[in-house]
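Have a look at data.txt; it's compact mmCIF, C-alpha atoms:
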# COMPACT_ATOMS: atom_id res chain seq x y z
CA MET A 1 103.38 178.81 30.37
CA GLN A 2 100.00 177.16 30.45
CA LYS A 3 100.21 173.39 30.45
CA LYS A 4 98.42 171.52 27.68
CA GLU A 5 95.38 169.54 28.75
CA VAL A 6 94.59 165.85 28.52
CA LEU A 7 90.84 165.28 28.57
CA LEU A 8 89.49 162.17 30.27
CA LEU A 9 86.09 161.54 28.77
CA LEU A 10 83.77 159.85 31.26
CA THR A 11 80.38 158.28 30.69
CA ASP A 12 78.01 156.55 33.13
CA HIS A 13 79.51 153.42 34.67
CA TRP A 14 83.03 154.22 33.52
CA ALA A 15 85.64 151.56 34.28
CA ASP A 16 87.74 152.63 37.30
CA TRP A 17 90.90 150.68 36.46
CA GLU A 18 91.29 151.41 32.77
CA ALA A 19 92.77 154.91 32.81
CA ALA A 20 93.83 155.03 36.48
CA ASN A 21 97.51 154.34 35.80
CA VAL A 22 97.80 156.75 32.93
CA ILE A 23 96.18 159.80 34.52
CA ALA A 24 98.26 159.38 37.67
CA GLY A 25 101.37 158.98 35.52
CA ILE A 26 100.60 162.17 33.62
CA THR A 27 99.87 164.35 36.63
CA MET A 28 102.86 163.08 38.60
CA ALA A 29 105.12 164.19 35.75
CA GLN A 30 103.49 167.65 35.93
CA THR A 31 103.73 168.05 32.16
CA HIS A 32 100.00 168.24 31.45
CA ASP A 33 96.77 168.97 33.28
CA VAL A 34 94.20 166.18 33.37
CA LYS A 35 90.58 167.35 33.18
CA THR A 36 87.34 165.41 33.00
CA ILE A 37 84.85 166.02 30.21
CA SER A 38 81.44 164.56 29.44
CA ILE A 39 78.19 165.21 27.61
CA ASP A 40 76.86 167.11 30.63
CA LYS A 41 77.99 168.36 34.06
CA ASN A 42 76.33 165.62 36.14
CA PRO A 43 78.87 163.62 38.15
CA LYS A 44 79.58 160.31 36.44
CA VAL A 45 79.50 157.22 38.63
CA SER A 46 82.18 154.59 37.96
CA ILE A 47 81.55 150.83 37.89
CA GLY A 48 83.14 150.72 41.33
CA GLY A 49 80.75 153.36 42.65
CA LEU A 50 82.88 156.54 42.57
CA ARG A 51 80.83 159.65 41.86
CA THR A 52 83.25 161.83 39.94
CA GLU A 53 82.73 165.46 39.01
CA ILE A 54 83.01 166.80 35.48
CA ASP A 55 85.22 169.78 34.60
CA TYR A 56 83.90 170.53 31.11
CA THR A 57 80.96 169.67 28.90
CA ILE A 58 81.77 168.85 25.30
CA GLU A 59 79.54 171.71 24.23
CA GLU A 60 81.59 174.31 26.10
CA TYR A 61 84.98 172.92 24.97
CA LYS A 62 85.08 174.68 21.60
CA ASN A 63 88.72 175.74 21.41
CA LEU A 64 91.10 172.80 20.99
CA ASP A 65 94.33 174.84 20.81
CA ASN A 66 95.43 173.71 24.26
CA LEU A 67 94.39 170.07 23.91
CA ALA A 68 97.11 167.37 23.88
CA MET A 69 94.92 164.25 23.81
CA ILE A 70 91.45 162.85 24.51
CA ILE A 71 91.24 159.59 26.50
CA LEU A 72 87.94 157.72 26.22
CA VAL A 73 87.50 155.46 29.24
CA GLY A 74 85.59 152.19 28.78
CA GLY A 75 82.50 151.28 30.74
CA PHE A 76 79.01 149.92 30.54
CA SER A 77 77.21 152.68 28.67
CA TRP A 78 79.06 152.69 25.34
CA GLY A 79 77.15 149.75 23.91
CA GLU A 80 73.67 151.08 24.42
CA ASN A 81 74.29 154.71 23.42
CA ILE A 82 75.16 156.34 20.11
CA TYR A 83 76.78 159.43 21.70
CA GLN A 84 76.84 161.42 18.43
CA GLU A 85 78.20 164.52 20.22
CA ILE A 86 81.20 162.50 21.42
CA ALA A 87 81.78 161.16 17.90
CA ASP A 88 81.70 164.71 16.51
CA PHE A 89 84.22 165.83 19.16
CA VAL A 90 86.54 162.92 18.34
CA LYS A 91 86.26 163.77 14.64
CA LYS A 92 87.18 167.40 15.32
CA ALA A 93 90.25 166.38 17.36
CA ASN A 94 91.35 163.79 14.82
CA ASN A 95 91.10 166.35 12.01
CA LEU A 96 93.47 168.58 14.00
CA ASN A 97 95.91 165.65 14.48
CA ILE A 98 95.19 165.49 18.20
CA PRO A 99 95.58 161.85 19.32
CA VAL A 100 92.55 160.02 20.69
CA ALA A 101 92.98 157.03 23.01
CA ALA A 102 90.21 154.55 23.76
CA ILE A 103 90.01 151.43 25.87
CA CYS A 104 87.50 148.59 26.12
CA GLY A 105 83.93 149.69 25.28
CA ALA A 106 85.20 153.05 24.07
CA THR A 107 87.15 151.28 21.31
CA GLN A 108 83.93 149.62 20.21
CA PHE A 109 82.39 153.08 20.16
CA LEU A 110 85.13 154.30 17.80
CA ALA A 111 84.56 151.30 15.55
CA LYS A 112 80.80 151.83 15.54
CA HIS A 113 81.32 155.35 14.25
CA GLY A 114 83.75 154.22 11.57
CA PHE A 115 86.92 155.78 13.00
CA LEU A 116 88.86 152.52 12.80
CA ASP A 117 87.81 151.52 9.30
CA ASN A 118 91.07 152.41 7.62
CA ALA A 119 93.43 151.77 10.49
CA LYS A 120 95.41 148.74 11.58
CA HIS A 121 92.83 148.28 14.32
CA THR A 122 90.62 146.41 11.88
CA GLY A 123 93.44 144.20 10.65
CA ASP A 124 94.69 140.86 11.90
CA GLU A 125 94.97 142.12 15.46
CA TYR A 126 91.22 142.07 15.74
CA GLU A 127 88.61 139.42 15.51
CA TYR A 128 86.37 142.04 14.11
CA PHE A 129 83.18 141.23 12.29
CA MET A 130 81.28 144.27 11.17
CA GLU A 131 77.58 143.84 11.59
CA GLN A 132 74.84 146.27 10.80
CA LEU A 133 72.75 147.13 13.83
CA LYS A 134 69.08 146.51 13.30
CA ASP A 135 68.11 150.15 13.35
CA GLU A 136 67.51 152.72 10.65
CA LYS A 137 70.74 154.57 11.44
CA GLY A 138 72.91 151.76 10.14
CA TYR A 139 75.48 152.00 12.92
CA LYS A 140 77.98 149.21 12.92
CA GLY A 141 77.58 146.59 15.60
CA HIS A 142 80.21 144.97 17.72
CA ALA A 143 78.80 141.61 18.66
CA ASN A 144 82.01 139.85 17.74
CA PHE A 145 84.43 142.62 18.34
CA VAL A 146 87.47 141.58 20.33
CA VAL A 147 89.92 144.37 20.97
CA SER A 148 93.59 143.46 20.79
CA GLN A 149 95.95 144.35 23.62
CA LEU A 150 97.20 147.57 22.10
CA VAL A 151 97.21 149.30 18.71
CA ASN A 152 98.44 152.79 17.82
CA ASP A 153 97.60 153.81 14.27
CA LYS A 154 96.35 156.88 12.41
CA GLY A 155 95.94 158.97 15.53
CA PHE A 156 94.01 156.37 17.49
CA ILE A 157 95.42 154.39 20.41
CA THR A 158 93.18 151.47 21.36
CA ALA A 159 93.37 148.73 23.97
CA ASN A 160 91.26 146.12 25.67
CA GLU A 161 90.11 146.08 29.27
CA THR A 162 93.11 144.06 30.48
CA SER A 163 95.68 146.48 29.02
CA ALA A 164 95.56 149.36 31.48
CA LEU A 165 99.35 149.37 31.94
CA GLU A 166 100.20 148.99 28.25
CA PHE A 167 97.61 151.65 27.42
CA ALA A 168 99.22 153.94 29.99
CA CYS A 169 102.71 153.38 28.58
CA GLU A 170 101.69 154.09 25.01
CA ILE A 171 99.94 157.32 26.01
CA LEU A 172 102.86 158.46 28.17
CA LYS A 173 105.17 157.75 25.22
CA VAL A 174 103.03 159.70 22.75
CA LEU A 175 102.76 162.65 25.18
CA GLU A 176 106.52 162.48 25.79
CA VAL A 177 105.94 162.62 29.53
CA TYR A 178 108.94 160.50 30.63
CA PRO A 179 112.28 159.55 29.06
CA GLU A 180 112.07 156.14 27.38
CA GLU A 181 114.23 154.35 29.97
CA GLU A 182 112.27 155.73 32.89
CA LEU A 183 109.03 154.66 31.25
CA ALA A 184 110.36 151.12 30.74
CA GLU A 185 111.28 150.97 34.45
CA TRP A 186 107.85 152.30 35.43
CA TYR A 187 106.12 149.62 33.36
CA LYS A 188 108.31 146.85 34.74
CA LYS A 189 107.70 147.95 38.33
CA TYR A 190 103.92 147.93 38.02
CA LYS A 191 103.75 144.83 35.81
CA ASN A 192 105.95 142.65 38.01
CA GLY A 193 105.64 144.24 41.44
CA LEU A 194 108.15 146.10 43.58
CA ALA A 195 109.12 143.05 45.57
CA ASN A 196 109.79 140.82 42.55
CA MET B 1 67.91 142.11 52.20
CA GLN B 2 70.19 145.10 52.56
CA LYS B 3 73.64 144.50 51.15
CA LYS B 4 76.59 144.96 53.45
CA GLU B 5 78.80 147.93 52.70
CA VAL B 6 82.45 148.18 51.81
CA LEU B 7 83.82 151.60 52.69
CA LEU B 8 86.48 153.12 50.48
CA LEU B 9 88.31 155.65 52.60
CA LEU B 10 89.64 158.52 50.49
CA THR B 11 92.06 161.28 51.44
CA ASP B 12 93.48 164.17 49.40
CA HIS B 13 95.56 162.98 46.43
CA TRP B 14 94.37 159.38 46.70
CA ALA B 15 95.99 156.95 44.27
CA ASP B 16 93.63 156.22 41.37
CA TRP B 17 94.96 152.79 40.44
CA GLU B 18 95.30 151.16 43.85
CA ALA B 19 91.71 150.19 44.63
CA ALA B 20 90.27 150.55 41.13
CA ASN B 21 90.26 146.82 40.38
CA VAL B 22 88.82 145.77 43.68
CA ILE B 23 85.90 148.18 43.86
CA ALA B 24 84.86 147.36 40.30
CA GLY B 25 85.17 143.65 41.12
CA ILE B 26 82.96 144.03 44.17
CA THR B 27 80.20 146.04 42.53
CA MET B 28 80.12 143.83 39.43
CA ALA B 29 79.44 140.84 41.69
CA GLN B 30 76.55 142.79 43.25
CA THR B 31 77.23 141.25 46.65
CA HIS B 32 78.12 144.49 48.47
CA ASP B 33 77.63 148.21 48.08
CA VAL B 34 80.78 150.32 47.77
CA LYS B 35 80.58 153.74 49.44
CA THR B 36 83.17 156.47 49.89
CA ILE B 37 84.01 157.82 53.32
CA SER B 38 86.36 160.54 54.50
CA ILE B 39 87.06 162.96 57.33
CA ASP B 40 84.70 165.49 55.72
CA LYS B 41 82.28 165.81 52.81
CA ASN B 42 84.57 167.81 50.51
CA PRO B 43 85.23 165.97 47.24
CA LYS B 44 88.64 164.31 47.35
CA VAL B 45 90.87 164.83 44.32
CA SER B 46 92.88 161.83 43.16
CA ILE B 47 96.52 161.96 42.06
CA GLY B 48 95.22 161.70 38.50
CA GLY B 49 92.95 164.70 39.00
CA LEU B 50 89.53 163.07 39.56
CA ARG B 51 87.34 165.07 41.94
CA THR B 52 85.35 162.36 43.69
CA GLU B 53 82.37 162.92 45.98
CA ILE B 54 82.14 161.51 49.50
CA ASP B 55 79.11 159.49 50.68
CA TYR B 56 79.78 159.52 54.43
CA THR B 57 81.92 161.35 56.94
CA ILE B 58 83.58 159.20 59.60
CA GLU B 59 81.76 161.22 62.23
CA GLU B 60 78.32 160.26 60.92
CA TYR B 61 79.16 156.58 60.41
CA LYS B 62 78.53 155.45 63.97
CA ASN B 63 76.78 152.13 63.43
CA LEU B 64 79.08 149.45 62.01
CA ASP B 65 76.52 146.61 61.93
CA ASN B 66 76.27 146.73 58.17
CA LEU B 67 79.98 147.16 57.46
CA ALA B 68 81.88 144.33 55.71
CA MET B 69 85.27 146.00 55.28
CA ILE B 70 87.16 149.30 55.20
CA ILE B 71 89.62 149.85 52.36
CA LEU B 72 92.19 152.60 52.91
CA VAL B 73 93.48 153.85 49.58
CA GLY B 74 97.06 155.07 49.36
CA GLY B 75 98.02 158.54 48.27
CA PHE B 76 100.15 161.57 48.98
CA SER B 77 98.57 162.87 52.18
CA TRP B 78 99.15 159.93 54.56
CA GLY B 79 102.73 160.85 55.34
CA GLU B 80 102.15 164.43 56.42
CA ASN B 81 98.94 163.89 58.43
CA ILE B 82 98.21 162.07 61.68
CA TYR B 83 94.50 161.50 60.91
CA GLN B 84 93.65 160.48 64.48
CA GLU B 85 89.93 160.21 63.61
CA ILE B 86 90.74 157.65 60.92
CA ALA B 87 92.90 155.67 63.36
CA ASP B 88 90.05 155.64 65.89
CA PHE B 89 87.65 154.41 63.21
CA VAL B 90 90.06 151.63 62.17
CA LYS B 91 90.45 150.63 65.83
CA LYS B 92 86.68 150.42 66.26
CA ALA B 93 86.30 148.21 63.16
CA ASN B 94 89.22 145.99 64.15
CA ASN B 95 87.73 145.50 67.63
CA LEU B 96 84.55 144.26 65.93
CA ASN B 97 86.57 141.86 63.74
CA ILE B 98 85.76 143.84 60.61
CA PRO B 99 88.70 143.50 58.18
CA VAL B 100 90.69 146.59 57.23
CA ALA B 101 92.65 146.70 53.97
CA ALA B 102 95.35 149.26 53.26
CA ILE B 103 97.64 149.86 50.34
CA CYS B 104 100.78 151.95 49.85
CA GLY B 105 100.84 155.06 52.07
CA ALA B 106 97.79 153.83 53.97
CA THR B 107 99.81 150.83 55.18
CA GLN B 108 102.42 153.23 56.53
CA PHE B 109 99.59 155.04 58.29
CA LEU B 110 98.53 151.77 59.98
CA ALA B 111 102.11 151.15 61.07
CA LYS B 112 102.47 154.70 62.40
CA HIS B 113 99.47 154.13 64.65
CA GLY B 114 100.77 150.79 65.88
CA PHE B 115 98.18 148.55 64.20
CA LEU B 116 100.81 146.31 62.63
CA ASP B 117 103.03 145.91 65.68
CA ASN B 118 101.97 142.37 66.49
CA ALA B 119 101.18 141.17 63.03
CA LYS B 120 103.20 139.39 60.37
CA HIS B 121 103.39 142.73 58.58
CA THR B 122 106.37 143.66 60.71
CA GLY B 123 108.13 140.36 60.11
CA ASP B 124 110.58 139.31 57.45
CA GLU B 125 108.32 140.49 54.68
CA TYR B 126 109.11 144.07 55.59
CA GLU B 127 112.20 146.14 55.67
CA TYR B 128 110.67 147.95 58.53
CA PHE B 129 112.61 150.19 60.84
CA MET B 130 110.55 151.85 63.50
CA GLU B 131 111.65 155.38 64.14
CA GLN B 132 110.22 157.88 66.55
CA LEU B 133 109.00 161.00 64.84
CA LYS B 134 110.56 164.13 66.22
CA ASP B 135 107.41 165.44 67.80
CA GLU B 136 105.92 165.28 71.24
CA LYS B 137 103.26 162.81 70.16
CA GLY B 138 105.77 160.04 69.68
CA TYR B 139 104.19 158.70 66.50
CA LYS B 140 106.22 156.08 64.77
CA GLY B 141 107.93 157.13 61.59
CA HIS B 142 108.21 155.29 58.34
CA ALA B 143 111.37 156.58 56.74
CA ASN B 144 112.56 153.09 55.90
CA PHE B 145 109.26 151.36 55.60
CA VAL B 146 108.99 149.12 52.54
CA VAL B 147 105.66 147.39 52.20
CA SER B 148 105.74 143.83 50.89
CA GLN B 149 103.54 142.75 48.00
CA LEU B 150 100.71 141.41 50.13
CA VAL B 151 100.13 140.36 53.73
CA ASN B 152 96.88 139.28 55.38
CA ASP B 153 97.19 138.89 59.15
CA LYS B 154 95.21 139.73 62.28
CA GLY B 155 92.41 141.46 60.40
CA PHE B 156 94.68 143.68 58.30
CA ILE B 157 95.31 143.20 54.59
CA THR B 158 98.24 145.29 53.38
CA ALA B 159 99.95 145.74 50.03
CA ASN B 160 102.34 148.01 48.23
CA GLU B 161 101.56 150.40 45.39
CA THR B 162 102.36 147.83 42.69
CA SER B 163 100.01 145.17 44.07
CA ALA B 164 96.63 146.51 42.97
CA LEU B 165 95.61 143.17 41.43
CA GLU B 166 96.87 141.00 44.29
CA PHE B 167 95.26 143.38 46.77
CA ALA B 168 91.99 143.07 44.84
CA CYS B 169 92.15 139.27 44.82
CA GLU B 170 92.78 139.02 48.55
CA ILE B 171 89.89 141.36 49.35
CA LEU B 172 87.51 139.56 46.97
CA LYS B 173 88.53 136.28 48.62
CA VAL B 174 87.96 137.59 52.15
CA LEU B 175 84.57 139.03 51.15
CA GLU B 176 83.69 135.74 49.42
CA VAL B 177 82.57 137.65 46.35
CA TYR B 178 83.51 135.04 43.72
CA PRO B 179 84.10 131.28 43.74
CA GLU B 180 87.81 130.49 44.04
CA GLU B 181 88.19 129.24 40.47
CA GLU B 182 86.49 132.25 38.98
CA LEU B 183 88.72 134.54 41.02
CA ALA B 184 91.84 132.74 39.78
CA GLU B 185 90.65 133.21 36.19
CA TRP B 186 89.91 136.88 36.83
CA TYR B 187 93.40 137.43 38.20
CA LYS B 188 95.05 135.60 35.32
CA LYS B 189 93.10 137.59 32.75
CA TYR B 190 94.07 140.98 34.16
CA LYS B 191 97.64 140.00 35.03
CA ASN B 192 98.51 138.50 31.65
CA GLY B 193 96.06 140.21 29.31
CA LEU B 194 93.13 138.84 27.32
CA ALA B 195 95.15 138.33 24.18
CA ASN B 196 97.93 136.37 25.85
Would you give me this structure, written as structure tokens?
Amino acid sequence: MQKKEVLLLLTDHWADWEAANVIAGITMAQTHDVKTISIDKNPKVSIGGLRTEIDYTIEEYKNLDNLAMIILVGGFSWGENIYQEIADFVKKANNLNIPVAAICGATQFLAKHGFLDNAKHTGDEYEYFMEQLKDEKGYKGHANFVVSQLVNDKGFITANETSALEFACEILKVLEVYPEEELAEWYKKYKNGLAN
Amino acid sequence: MQKKEVLLLLTDHWADWEAANVIAGITMAQTHDVKTISIDKNPKVSIGGLRTEIDYTIEEYKNLDNLAMIILVGGFSWGENIYQEIADFVKKANNLNIPVAAICGATQFLAKHGFLDNAKHTGDEYEYFMEQLKDEKGYKGHANFVVSQLVNDKGFITANETSALEFACEILKVLEVYPEEELAEWYKKYKNGLAN
């Protein structure tokens, strides 16, 4: 049987550490295939300088039947770009009840496009002041947007840049990759260290 | 002035999370360039499935004048390979007092080639039982090798797979990338989370 895919969506200057734990956790369990996707096929260079190749463009990924989740990795290019084609892809997945996970700048991207308007993400967990950007498109700004450690609501998992492990755990839980006890052990090991 | 380089040495099935924090920390400080190096130019696929391109082969990197450090990332191919060319490269750097950092399986690789024999790494911090491999080469085995959280001795920084943050801090300290106080804050933020 073909494994379902988890798409890791990379943009320029993606943050190396934010999805590192979760993609390794997924592939080690051998339950899903992890593939990279982006707006084009050019390798995307991480903040740390890793030039990483892209498996799919968004344009060619038309059939979502085999898609288990999209993970949007944070990084330095979310703030300055609108990325309408990514927003449309997220919308399509969300409409099909496919979970979308975002961390750091990618969460701000979701907020900018209105995906978090009716979710817990905009509640008390956030210091979240909507601000209209000063352009004709009326996109919402994120000057005072502080992402809480972790929220999972209405199909969107979001986290801040310091939550790589918690983000990983929530995704592994949603994908049902490991039994609950094993996942708790995994988290404890990486949070506290083997020798502690 | 040309920045000094930090080489990230990648092998097949390298561990995504182990050097992610440190390379991002280095490049954000803009004090050094991070480049990937390997035994050949074929992209190296991480455990998490990221196909990452290689800047240099070991063979072509003959001049070490501009080299600040080599970081050996852990992964699944250290155990089954001897990688003599990597050992020779490490030896050359060590002879020039260029620090070498290794995490997880890469630490076992250093031990196998005898680099940790006279260092603290083989002291009380380790449950470390040298074992001759059953081949004519007499390489040391690592069946019962448990790497401690972090050791920095005789030019070698070593850590286990759960020490990505501590490994990052030690490397950033050795490279003098951030003032001590800033580094302590950075560690605290990522260890405990922004919201805590």
Can you superpose chain B onto chain A by least squares over all C-alpha atoms paired in order and give the moved copy as a short mmCIF file (atom, residue, chain, number, x, y, z; two decimals) with C-alpha atoms, keeping the file's coordinate frame?
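selection.cif, freshly written:
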data_model
loop_
_atom_site.label_atom_id
_atom_site.label_comp_id
_atom_site.auth_asym_id
_atom_site.auth_seq_id
_atom_site.Cartn_x
_atom_site.Cartn_y
_atom_site.Cartn_z
CA MET B 1 103.37 178.80 30.32
CA GLN B 2 99.98 177.14 30.40
CA LYS B 3 100.18 173.37 30.40
CA LYS B 4 98.39 171.51 27.66
CA GLU B 5 95.36 169.52 28.73
CA VAL B 6 94.57 165.85 28.52
CA LEU B 7 90.83 165.27 28.57
CA LEU B 8 89.49 162.18 30.28
CA LEU B 9 86.09 161.52 28.78
CA LEU B 10 83.77 159.85 31.28
CA THR B 11 80.38 158.25 30.72
CA ASP B 12 78.00 156.52 33.14
CA HIS B 13 79.52 153.40 34.72
CA TRP B 14 83.05 154.20 33.53
CA ALA B 15 85.66 151.56 34.32
CA ASP B 16 87.75 152.63 37.32
CA TRP B 17 90.91 150.69 36.50
CA GLU B 18 91.31 151.41 32.80
CA ALA B 19 92.78 154.91 32.83
CA ALA B 20 93.84 155.03 36.48
CA ASN B 21 97.52 154.36 35.80
CA VAL B 22 97.82 156.76 32.93
CA ILE B 23 96.20 159.80 34.52
CA ALA B 24 98.27 159.40 37.67
CA GLY B 25 101.38 159.00 35.52
CA ILE B 26 100.61 162.18 33.62
CA THR B 27 99.87 164.37 36.62
CA MET B 28 102.87 163.09 38.58
CA ALA B 29 105.11 164.21 35.71
CA GLN B 30 103.49 167.66 35.89
CA THR B 31 103.73 168.08 32.13
CA HIS B 32 99.98 168.26 31.43
CA ASP B 33 96.77 168.98 33.27
CA VAL B 34 94.19 166.19 33.36
CA LYS B 35 90.57 167.35 33.18
CA THR B 36 87.32 165.41 33.00
CA ILE B 37 84.84 166.01 30.21
CA SER B 38 81.43 164.55 29.45
CA ILE B 39 78.18 165.18 27.62
CA ASP B 40 76.86 167.07 30.66
CA LYS B 41 77.99 168.31 34.06
CA ASN B 42 76.31 165.58 36.14
CA PRO B 43 78.86 163.59 38.16
CA LYS B 44 79.59 160.29 36.45
CA VAL B 45 79.51 157.19 38.65
CA SER B 46 82.19 154.58 37.99
CA ILE B 47 81.57 150.83 37.92
CA GLY B 48 83.18 150.73 41.36
CA GLY B 49 80.77 153.35 42.68
CA LEU B 50 82.89 156.54 42.62
CA ARG B 51 80.81 159.64 41.89
CA THR B 52 83.24 161.81 39.96
CA GLU B 53 82.71 165.46 39.03
CA ILE B 54 83.00 166.78 35.47
CA ASP B 55 85.20 169.79 34.61
CA TYR B 56 83.89 170.51 31.10
CA THR B 57 80.95 169.63 28.91
CA ILE B 58 81.76 168.81 25.29
CA GLU B 59 79.51 171.66 24.24
CA GLU B 60 81.57 174.27 26.07
CA TYR B 61 84.94 172.90 24.94
CA LYS B 62 85.06 174.64 21.58
CA ASN B 63 88.69 175.70 21.38
CA LEU B 64 91.08 172.77 20.98
CA ASP B 65 94.31 174.80 20.78
CA ASN B 66 95.40 173.70 24.22
CA LEU B 67 94.37 170.05 23.90
CA ALA B 68 97.09 167.35 23.85
CA MET B 69 94.90 164.24 23.83
CA ILE B 70 91.44 162.82 24.53
CA ILE B 71 91.24 159.58 26.50
CA LEU B 72 87.94 157.70 26.24
CA VAL B 73 87.50 155.45 29.25
CA GLY B 74 85.62 152.18 28.82
CA GLY B 75 82.52 151.29 30.75
CA PHE B 76 79.02 149.90 30.58
CA SER B 77 77.21 152.65 28.70
CA TRP B 78 79.08 152.64 25.36
CA GLY B 79 77.18 149.71 23.94
CA GLU B 80 73.67 151.03 24.45
CA ASN B 81 74.29 154.66 23.44
CA ILE B 82 75.16 156.30 20.13
CA TYR B 83 76.76 159.40 21.71
CA GLN B 84 76.81 161.36 18.44
CA GLU B 85 78.17 164.47 20.22
CA ILE B 86 81.17 162.47 21.43
CA ALA B 87 81.78 161.12 17.91
CA ASP B 88 81.69 164.67 16.51
CA PHE B 89 84.18 165.80 19.15
CA VAL B 90 86.52 162.88 18.35
CA LYS B 91 86.25 163.72 14.64
CA LYS B 92 87.17 167.35 15.31
CA ALA B 93 90.24 166.35 17.36
CA ASN B 94 91.33 163.75 14.81
CA ASN B 95 91.07 166.32 12.00
CA LEU B 96 93.46 168.53 14.01
CA ASN B 97 95.88 165.60 14.47
CA ILE B 98 95.18 165.45 18.19
CA PRO B 99 95.56 161.82 19.34
CA VAL B 100 92.54 159.97 20.70
CA ALA B 101 92.98 157.00 23.04
CA ALA B 102 90.21 154.53 23.78
CA ILE B 103 90.02 151.42 25.90
CA CYS B 104 87.52 148.57 26.15
CA GLY B 105 83.95 149.65 25.30
CA ALA B 106 85.21 153.02 24.08
CA THR B 107 87.16 151.25 21.33
CA GLN B 108 83.94 149.58 20.22
CA PHE B 109 82.38 153.03 20.17
CA LEU B 110 85.13 154.26 17.81
CA ALA B 111 84.56 151.26 15.55
CA LYS B 112 80.79 151.80 15.55
CA HIS B 113 81.32 155.32 14.25
CA GLY B 114 83.75 154.19 11.57
CA PHE B 115 86.92 155.74 13.02
CA LEU B 116 88.87 152.49 12.81
CA ASP B 117 87.81 151.48 9.31
CA ASN B 118 91.09 152.37 7.63
CA ALA B 119 93.42 151.73 10.49
CA LYS B 120 95.42 148.71 11.59
CA HIS B 121 92.82 148.26 14.33
CA THR B 122 90.64 146.36 11.89
CA GLY B 123 93.48 144.15 10.70
CA ASP B 124 94.70 140.81 11.94
CA GLU B 125 94.96 142.04 15.49
CA TYR B 126 91.19 142.03 15.75
CA GLU B 127 88.55 139.42 15.50
CA TYR B 128 86.35 142.07 14.09
CA PHE B 129 83.14 141.34 12.28
CA MET B 130 81.27 144.39 11.14
CA GLU B 131 77.56 143.99 11.52
CA GLN B 132 74.84 146.45 10.73
CA LEU B 133 72.74 147.31 13.73
CA LYS B 134 69.07 146.71 13.18
CA ASP B 135 68.10 150.34 13.19
CA GLU B 136 67.54 152.93 10.54
CA LYS B 137 70.76 154.74 11.40
CA GLY B 138 72.90 151.93 10.07
CA TYR B 139 75.46 152.11 12.87
CA LYS B 140 77.95 149.32 12.84
CA GLY B 141 77.55 146.71 15.52
CA HIS B 142 80.17 145.09 17.64
CA ALA B 143 78.75 141.73 18.58
CA ASN B 144 81.96 139.94 17.70
CA PHE B 145 84.40 142.70 18.33
CA VAL B 146 87.46 141.61 20.30
CA VAL B 147 89.92 144.38 20.97
CA SER B 148 93.60 143.45 20.82
CA GLN B 149 95.97 144.33 23.63
CA LEU B 150 97.21 147.57 22.11
CA VAL B 151 97.22 149.28 18.73
CA ASN B 152 98.46 152.77 17.85
CA ASP B 153 97.61 153.79 14.28
CA LYS B 154 96.34 156.84 12.41
CA GLY B 155 95.94 158.95 15.53
CA PHE B 156 94.00 156.34 17.51
CA ILE B 157 95.43 154.37 20.43
CA THR B 158 93.19 151.45 21.38
CA ALA B 159 93.40 148.72 23.99
CA ASN B 160 91.30 146.11 25.69
CA GLU B 161 90.12 146.08 29.30
CA THR B 162 93.14 144.08 30.51
CA SER B 163 95.72 146.46 29.03
CA ALA B 164 95.58 149.35 31.50
CA LEU B 165 99.37 149.38 31.95
CA GLU B 166 100.22 148.99 28.27
CA PHE B 167 97.64 151.64 27.42
CA ALA B 168 99.25 153.94 29.99
CA CYS B 169 102.74 153.37 28.58
CA GLU B 170 101.70 154.09 25.01
CA ILE B 171 99.94 157.32 26.01
CA LEU B 172 102.87 158.47 28.17
CA LYS B 173 105.18 157.76 25.22
CA VAL B 174 103.03 159.69 22.75
CA LEU B 175 102.76 162.64 25.16
CA GLU B 176 106.53 162.47 25.77
CA VAL B 177 105.95 162.62 29.50
CA TYR B 178 108.94 160.52 30.60
CA PRO B 179 112.29 159.56 29.05
CA GLU B 180 112.08 156.15 27.39
CA GLU B 181 114.24 154.38 29.98
CA GLU B 182 112.28 155.75 32.89
CA LEU B 183 109.04 154.67 31.25
CA ALA B 184 110.38 151.13 30.77
CA GLU B 185 111.30 151.00 34.46
CA TRP B 186 107.87 152.32 35.44
CA TYR B 187 106.16 149.64 33.39
CA LYS B 188 108.35 146.87 34.78
CA LYS B 189 107.73 147.98 38.35
CA TYR B 190 103.94 147.96 38.04
CA LYS B 191 103.77 144.85 35.86
CA ASN B 192 105.99 142.67 38.04
CA GLY B 193 105.67 144.29 41.46
CA LEU B 194 108.20 146.15 43.59
CA ALA B 195 109.17 143.09 45.58
CA ASN B 196 109.85 140.90 42.57
#
request  = Determine which residues of chain B sit within 6 Å of chain A, taking into account all atoms listed in the file, and present them as a ChimeraX atom specification.
outcome  = /B:16-17,20-21,23-24,27,34,47-49,51-53,162,190,193
inquiry  = I'd like the interatomic distance between atom CA of Asp40 of chain A and atom CA of Ala106 of chain A, to a tenth of an Å.
reply    =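 Pair atom CA of Asp40 of chain A / atom CA of Ala106 of chain A returns 17.6 Å.
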ask   = Distance atom CA of Trp78 of chain B-atom CA of Leu9 of chain B, one decimal place?
value =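 These atoms are spaced 11.8 Å apart.
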task = Could you please determine the separation between atom CA of Leu67 of chain A and atom CA of Met1 of chain A in Å, to one decimal place?
result =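 About the pair atom CA of Leu67 of chain A and atom CA of Met1 of chain A: they are 14.1 Å apart.
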